[in-house]
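Below: data_27.pdb (PDB, C-alpha atoms)
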ATOM      1  CA  MET A   1    -145.765  30.745 -13.882  1.00  0.00           C
ATOM      2  CA  ASP A   2    -144.689  28.791 -16.958  1.00  0.00           C
ATOM      3  CA  VAL A   3    -140.939  28.411 -17.398  1.00  0.00           C
ATOM      4  CA  PRO A   4    -139.659  26.693 -20.543  1.00  0.00           C
ATOM      5  CA  LEU A   5    -137.757  23.479 -19.875  1.00  0.00           C
ATOM      6  CA  TRP A   6    -134.679  24.631 -21.789  1.00  0.00           C
ATOM      7  CA  PHE A   7    -134.477  27.783 -19.661  1.00  0.00           C
ATOM      8  CA  ALA A   8    -134.831  25.840 -16.407  1.00  0.00           C
ATOM      9  CA  LEU A   9    -132.110  23.399 -17.491  1.00  0.00           C
ATOM     10  CA  ILE A  10    -129.746  26.246 -18.345  1.00  0.00           C
ATOM     11  CA  ILE A  11    -130.289  27.871 -14.938  1.00  0.00           C
ATOM     12  CA  VAL A  12    -129.887  24.601 -13.020  1.00  0.00           C
ATOM     13  CA  GLY A  13    -126.779  23.711 -15.040  1.00  0.00           C
ATOM     14  CA  TRP A  14    -125.239  27.133 -14.492  1.00  0.00           C
ATOM     15  CA  LEU A  15    -125.895  26.988 -10.746  1.00  0.00           C
ATOM     16  CA  GLY A  16    -124.468  23.472 -10.564  1.00  0.00           C
ATOM     17  CA  VAL A  17    -121.273  24.479 -12.344  1.00  0.00           C
ATOM     18  CA  LYS A  18    -120.958  27.620 -10.241  1.00  0.00           C
ATOM     19  CA  PHE A  19    -121.459  26.024  -6.820  1.00  0.00           C
ATOM     20  CA  ILE A  20    -120.248  22.425  -7.263  1.00  0.00           C
ATOM     21  CA  ARG A  21    -117.281  23.312  -9.525  1.00  0.00           C
ATOM     22  CA  PRO A  22    -116.903  20.077 -11.528  1.00  0.00           C
ATOM     23  CA  PRO A  23    -113.940  19.917 -13.906  1.00  0.00           C
ATOM     24  CA  LEU A  24    -114.666  21.328 -17.353  1.00  0.00           C
ATOM     25  CA  TRP A  25    -113.727  18.062 -19.050  1.00  0.00           C
ATOM     26  CA  LEU A  26    -116.469  16.299 -17.048  1.00  0.00           C
ATOM     27  CA  VAL A  27    -119.056  18.859 -18.115  1.00  0.00           C
ATOM     28  CA  ALA A  28    -117.957  18.481 -21.752  1.00  0.00           C
ATOM     29  CA  VAL A  29    -118.082  14.672 -21.591  1.00  0.00           C
ATOM     30  CA  LEU A  30    -121.583  14.698 -20.070  1.00  0.00           C
ATOM     31  CA  LEU A  31    -122.903  17.164 -22.650  1.00  0.00           C
ATOM     32  CA  LEU A  32    -121.316  15.374 -25.593  1.00  0.00           C
ATOM     33  CA  GLY A  33    -122.296  11.944 -24.285  1.00  0.00           C
ATOM     34  CA  GLY A  34    -125.904  13.001 -23.782  1.00  0.00           C
ATOM     35  CA  TYR A  35    -126.036  14.494 -27.251  1.00  0.00           C
ATOM     36  CA  LEU A  36    -124.582  11.362 -28.852  1.00  0.00           C
ATOM     37  CA  LEU A  37    -126.851   9.009 -26.885  1.00  0.00           C
ATOM     38  CA  ALA A  38    -129.939  10.974 -27.869  1.00  0.00           C
ATOM     39  CA  ASP A  39    -129.157  10.374 -31.532  1.00  0.00           C
ATOM     40  CA  SER A  40    -128.071   6.726 -31.256  1.00  0.00           C
ATOM     41  CA  LEU A  41    -129.752   3.354 -31.589  1.00  0.00           C
ATOM     42  CA  LEU A  42    -130.005   3.244 -27.790  1.00  0.00           C
ATOM     43  CA  ALA A  43    -132.355   6.240 -27.657  1.00  0.00           C
ATOM     44  CA  PRO A  44    -135.606   4.168 -27.788  1.00  0.00           C
ATOM     45  CA  ALA A  45    -134.307   1.833 -25.050  1.00  0.00           C
ATOM     46  CA  ILE A  46    -133.357   4.772 -22.848  1.00  0.00           C
ATOM     47  CA  ASP A  47    -136.717   6.401 -23.492  1.00  0.00           C
ATOM     48  CA  THR A  48    -138.658   3.317 -22.412  1.00  0.00           C
ATOM     49  CA  ALA A  49    -136.417   2.845 -19.359  1.00  0.00           C
ATOM     50  CA  ILE A  50    -137.060   6.408 -18.227  1.00  0.00           C
ATOM     51  CA  LYS A  51    -140.822   6.139 -18.591  1.00  0.00           C
TER
END
Show this structure as structure tokens.
Amino acid sequence: MDVPLWFALIIVGWLGVKFIRPPLWLVAVLLLGGYLLADSLLAPAIDTAIK
């Protein structure tokens, strides 16, 4: 069974918000921060650190 990564992330994120109930501002900060880091000068450094 092949599930696209974007679909799996949406399901895991939805379940996390539903059951853990983090504040909405924290969810917004994490989403915005991840988006901004992915398009910054730090992206190559983060990519090599993850691998």
*State, in Å with one decimal place, the distance from CA of Ile10 (chain A) to CA of Ala45 (chain A).*
25.7 Å
*Find the distance between CA of Leu5 (chain A) and CA of Leu24 (chain A) and write it in Å to one decimal.*
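A separation of 23.3 Å between them.
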*What is the CA of Ala28 (chain A) to CA of Pro4 (chain A) distance in Å?*
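Here the two named atoms are 23.2 Å from each other.
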